[in-house]
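Single-structure report; data block below.
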Amino acid sequence: MKKSKILMIIGSLLLLGLFAFPLWNITLEAPQYPIPLGMDIYINKFADTHEFDIKNINLMNHYVGMQYIPKTIPEFKIFPIAILVMSALGVIIGFLGKHKLFLVWFILMTLLGVAGMYDFYLWEYDYGHNLDPKAIMNFKNPDGSVMGFQPPLFGTKDILNFKAHSYPRLGAYFLFTGMLLTLIAFIIGKKEAKA
């Protein structure tokens, strides 16, 4: 079997790591929490980094009028299907060995990834800005507008006395590595076709 085919198949199968490992993590550090609070985000669920973290985040957020982190969201039904379909499609394309299809798959997966990140941003924005006006505590910006509590999409951000961190986890590295392998498979496949 050609090297490009093998790389395409392996790259596509690496996406399945998303079913075993978290895709993303949001961690909140503050003086009142010696052990930071954290939430792991999988493609099909939210999970505590440490026991009761999400419960404690929900209790804390209630005071400033933030919504509770839900048990499930519609994306948790869509994302697993999309990953299974893309993984299976990648394996089929790998066996077909047409290098141009490797690139088509990579572009499609990139578009899905960008759409997923944008959806995550919108969810974070709503979560941090759609506040209950009757909340126990109301914080204002210097200009008098209501303060938002949106965690960063990527990186670290100060929110009152909290430091919020948002970074990819092992599942995301499986995804990125798989996609990189499929792009390499296209480059090698192009060379193989010329040879």
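In the structure tokens, each chain is lettered A, B, ... as it comes, each chain's residues begin at 1, and ligands are numbered from 1 in order of appearance.
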Legend entry - Residue neighbourhood A:Tyr127, 10 Å, only C-alpha atoms, exclusion window fewer than 2 positions, as a PyMOL selection string: chain A and resi 65-69+121-125+129-131+148-151
For all heavy atoms, I'd like the residues from the last selection saved as a short mmCIF file (atom, residue, chain, number, x, y, z; two decimals), in the first residue's frame.
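File again25.cif, as written:
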```cif
data_model
loop_
_atom_site.label_atom_id
_atom_site.label_comp_id
_atom_site.auth_asym_id
_atom_site.auth_seq_id
_atom_site.Cartn_x
_atom_site.Cartn_y
_atom_site.Cartn_z
N GLY A 65 -25.65 36.05 37.98
CA GLY A 65 -26.74 35.92 37.00
C GLY A 65 -26.41 35.12 35.76
O GLY A 65 -27.15 35.16 34.78
N MET A 66 -25.30 34.37 35.80
CA MET A 66 -24.96 33.54 34.65
C MET A 66 -25.83 32.30 34.60
O MET A 66 -26.32 31.83 35.63
CB MET A 66 -23.48 33.14 34.70
CG MET A 66 -22.54 34.32 34.50
SD MET A 66 -20.81 33.88 34.73
CE MET A 66 -20.49 33.00 33.21
N GLN A 67 -26.00 31.76 33.42
CA GLN A 67 -26.80 30.55 33.24
C GLN A 67 -26.04 29.35 33.82
O GLN A 67 -24.82 29.37 33.90
CB GLN A 67 -27.03 30.30 31.75
CG GLN A 67 -27.67 31.46 31.01
CD GLN A 67 -27.48 31.31 29.52
OE1 GLN A 67 -27.84 30.30 28.95
NE2 GLN A 67 -26.91 32.32 28.89
N TYR A 68 -26.79 28.34 34.18
CA TYR A 68 -26.16 27.09 34.61
C TYR A 68 -25.54 26.39 33.40
O TYR A 68 -26.07 26.47 32.30
CB TYR A 68 -27.18 26.16 35.26
CG TYR A 68 -27.60 26.60 36.64
CD1 TYR A 68 -28.90 26.97 36.90
CD2 TYR A 68 -26.67 26.64 37.68
CE1 TYR A 68 -29.29 27.38 38.17
CE2 TYR A 68 -27.05 27.06 38.95
CZ TYR A 68 -28.37 27.42 39.19
OH TYR A 68 -28.73 27.84 40.43
N ILE A 69 -24.43 25.73 33.63
CA ILE A 69 -23.85 24.90 32.58
C ILE A 69 -24.80 23.72 32.40
O ILE A 69 -25.05 22.98 33.35
CB ILE A 69 -22.44 24.43 32.96
CG1 ILE A 69 -21.50 25.64 33.10
CG2 ILE A 69 -21.90 23.45 31.93
CD1 ILE A 69 -20.19 25.35 33.79
N TYR A 121 -17.53 29.64 20.50
CA TYR A 121 -17.42 31.06 20.84
C TYR A 121 -18.81 31.64 21.11
O TYR A 121 -19.01 32.39 22.08
CB TYR A 121 -16.73 31.84 19.71
CG TYR A 121 -16.83 33.34 19.91
CD1 TYR A 121 -15.96 34.00 20.78
CD2 TYR A 121 -17.81 34.08 19.25
CE1 TYR A 121 -16.07 35.36 20.98
CE2 TYR A 121 -17.93 35.44 19.45
CZ TYR A 121 -17.06 36.08 20.32
OH TYR A 121 -17.19 37.43 20.53
N LEU A 122 -19.79 31.34 20.24
CA LEU A 122 -21.14 31.86 20.43
C LEU A 122 -21.75 31.37 21.74
O LEU A 122 -22.42 32.13 22.45
CB LEU A 122 -22.04 31.46 19.25
CG LEU A 122 -21.74 32.10 17.90
CD1 LEU A 122 -22.68 31.55 16.83
CD2 LEU A 122 -21.85 33.62 17.98
N TRP A 123 -21.50 30.09 22.05
CA TRP A 123 -22.01 29.53 23.31
C TRP A 123 -21.37 30.27 24.48
O TRP A 123 -22.06 30.66 25.42
CB TRP A 123 -21.72 28.03 23.39
CG TRP A 123 -22.20 27.44 24.68
CD1 TRP A 123 -23.47 27.05 24.99
CD2 TRP A 123 -21.41 27.20 25.86
NE1 TRP A 123 -23.52 26.58 26.28
CE2 TRP A 123 -22.27 26.66 26.83
CE3 TRP A 123 -20.07 27.39 26.18
CZ2 TRP A 123 -21.85 26.32 28.11
CZ3 TRP A 123 -19.64 27.05 27.45
CH2 TRP A 123 -20.52 26.52 28.41
N GLU A 124 -20.04 30.47 24.45
CA GLU A 124 -19.34 31.19 25.52
C GLU A 124 -19.86 32.63 25.64
O GLU A 124 -20.03 33.13 26.75
CB GLU A 124 -17.84 31.25 25.23
CG GLU A 124 -17.07 30.03 25.60
CD GLU A 124 -15.58 30.28 25.52
OE1 GLU A 124 -15.13 31.09 24.69
OE2 GLU A 124 -14.86 29.66 26.30
N TYR A 125 -20.08 33.28 24.50
CA TYR A 125 -20.56 34.66 24.52
C TYR A 125 -21.92 34.75 25.21
O TYR A 125 -22.14 35.59 26.09
CB TYR A 125 -20.64 35.24 23.11
CG TYR A 125 -21.01 36.71 23.11
CD1 TYR A 125 -20.03 37.69 23.23
CD2 TYR A 125 -22.35 37.10 23.05
CE1 TYR A 125 -20.37 39.03 23.27
CE2 TYR A 125 -22.70 38.44 23.09
CZ TYR A 125 -21.71 39.40 23.20
OH TYR A 125 -22.05 40.72 23.25
N HIS A 129 -22.64 36.69 28.71
CA HIS A 129 -23.28 37.99 28.55
C HIS A 129 -24.79 37.98 28.78
O HIS A 129 -25.37 39.02 29.07
CB HIS A 129 -22.99 38.56 27.15
CG HIS A 129 -21.58 38.99 26.97
ND1 HIS A 129 -20.58 38.13 26.56
CD2 HIS A 129 -20.98 40.19 27.17
CE1 HIS A 129 -19.44 38.79 26.50
NE2 HIS A 129 -19.65 40.04 26.86
N ASN A 130 -25.44 36.85 28.60
CA ASN A 130 -26.89 36.77 28.79
C ASN A 130 -27.17 36.54 30.28
O ASN A 130 -27.45 35.43 30.72
CB ASN A 130 -27.46 35.63 27.94
CG ASN A 130 -28.96 35.59 27.96
OD1 ASN A 130 -29.63 36.51 28.45
ND2 ASN A 130 -29.52 34.52 27.42
N LEU A 131 -27.06 37.63 31.05
CA LEU A 131 -27.14 37.54 32.51
C LEU A 131 -28.55 37.86 33.02
O LEU A 131 -29.27 38.66 32.41
CB LEU A 131 -26.14 38.51 33.15
CG LEU A 131 -24.69 38.40 32.68
CD1 LEU A 131 -23.83 39.46 33.34
CD2 LEU A 131 -24.13 37.02 32.97
N GLY A 148 -19.56 41.64 31.37
CA GLY A 148 -19.70 40.27 30.88
C GLY A 148 -18.68 39.36 31.55
O GLY A 148 -17.65 39.81 32.04
N PHE A 149 -19.00 38.09 31.57
CA PHE A 149 -18.12 37.11 32.21
C PHE A 149 -17.73 35.99 31.26
O PHE A 149 -17.60 34.83 31.66
CB PHE A 149 -18.81 36.53 33.45
CG PHE A 149 -19.12 37.58 34.49
CD1 PHE A 149 -20.36 38.19 34.52
CD2 PHE A 149 -18.16 37.97 35.39
CE1 PHE A 149 -20.65 39.16 35.46
CE2 PHE A 149 -18.43 38.94 36.34
CZ PHE A 149 -19.68 39.55 36.37
N GLN A 150 -17.55 36.33 30.00
CA GLN A 150 -17.22 35.33 28.97
C GLN A 150 -15.79 34.84 29.16
O GLN A 150 -14.85 35.63 29.16
CB GLN A 150 -17.37 35.93 27.58
CG GLN A 150 -17.01 34.98 26.46
CD GLN A 150 -17.14 35.64 25.10
OE1 GLN A 150 -17.52 36.79 24.99
NE2 GLN A 150 -16.84 34.88 24.07
N PRO A 151 -15.60 33.51 29.29
CA PRO A 151 -14.22 32.99 29.34
C PRO A 151 -13.57 33.13 27.97
O PRO A 151 -14.27 33.27 26.96
CB PRO A 151 -14.40 31.52 29.73
CG PRO A 151 -15.82 31.19 29.41
CD PRO A 151 -16.60 32.46 29.41
#
```
Inset, instruction - May I have the residues within 10 Å of A:Ile54 as a PyMOL selection string, using only C-alpha atoms and disregarding those fewer than 2 positions away in the same chain? - result: chain A and resi 37-40+46-52+56-60+68-71
So that each row is one residue of stretch 26-140 of chain A with an atom at most 8 Å from stretch 180-192 of chain A, can you give its shortest atom pair and the distance in Å to one decimal, using only C-alpha atoms, rows by chain and rising number, as a tab-separated table?
```
residue	atom	partner	partner_atom	distance
A:Gly97	CA	A:Gly189	CA	7.8
A:Lys98	CA	A:Gly189	CA	7.6
A:His99	CA	A:Gly189	CA	5.0
A:Lys100	CA	A:Phe186	CA	6.9
A:Phe102	CA	A:Phe186	CA	5.4
A:Leu103	CA	A:Phe186	CA	5.9
A:Phe106	CA	A:Leu183	CA	6.4
```
Would you put the residues from that selection into a file with C-alpha atoms, as an mmCIF file, in the first residue's frame?
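Full text of result_26.cif as output:
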```cif
data_model
loop_
_atom_site.group_PDB
_atom_site.id
_atom_site.type_symbol
_atom_site.label_atom_id
_atom_site.label_comp_id
_atom_site.auth_asym_id
_atom_site.auth_seq_id
_atom_site.Cartn_x
_atom_site.Cartn_y
_atom_site.Cartn_z
ATOM 1 C CA GLY A 97 -5.955 6.560 -2.940
ATOM 2 C CA LYS A 98 -6.953 9.610 -4.983
ATOM 3 C CA HIS A 99 -4.747 12.363 -3.571
ATOM 4 C CA LYS A 100 -7.061 15.185 -4.693
ATOM 5 C CA PHE A 102 -7.325 13.805 0.442
ATOM 6 C CA LEU A 103 -7.235 17.596 0.024
ATOM 7 C CA PHE A 106 -8.822 18.112 4.689
#
```
Inset, instruction - Would you please extract all alpha helix (DSSP H) residues from stretch 69-179 of chain A, as assigned by DSSP on the backbone, and give them as an MDAnalysis selection string? - result: chainID A and resid 75:96 99:129 170:179
Legend entry - Which of stretch 46-174 of chain A fall in strand (DSSP E), as a count of residues only: 15
Inset, instruction - Please provide the set of residues having any atom within 10 Å of A:Leu160, restricted to only C-alpha atoms, with same-chain residues fewer than 4 positions apart removed, written as a PyMOL selection string. - result: chain A and resi 30+139+147+149+164
Only C-alpha atoms, please: the residues just picked out, written as a PDB file, in the first residue's frame.
```pdb
ATOM      1  CA  ALA A  30      -9.056  32.325  42.361  1.00  0.00           C
ATOM      2  CA  PHE A 139     -21.092  44.358  38.148  1.00  0.00           C
ATOM      3  CA  MET A 147     -19.961  43.506  32.842  1.00  0.00           C
ATOM      4  CA  PHE A 149     -18.118  37.108  32.212  1.00  0.00           C
ATOM      5  CA  ALA A 164      -9.805  31.936  33.388  1.00  0.00           C
TER       6      ALA A 164
END
```
Inset, instruction - Work out how far apart atom CA of A:Ala193 and atom CA of A:Gly113 are and give it in Å to one decimal. - result: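 So the answer is 28.7 Å.
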Inset, instruction - Fewer than 2 positions away in the same chain doesn't count, so skip those; otherwise give me all residues within 8 Å of A:Ala172, counting only C-alpha atoms, as a ChimeraX atom specification. - result: /A:18,22-24,168-170,174-176
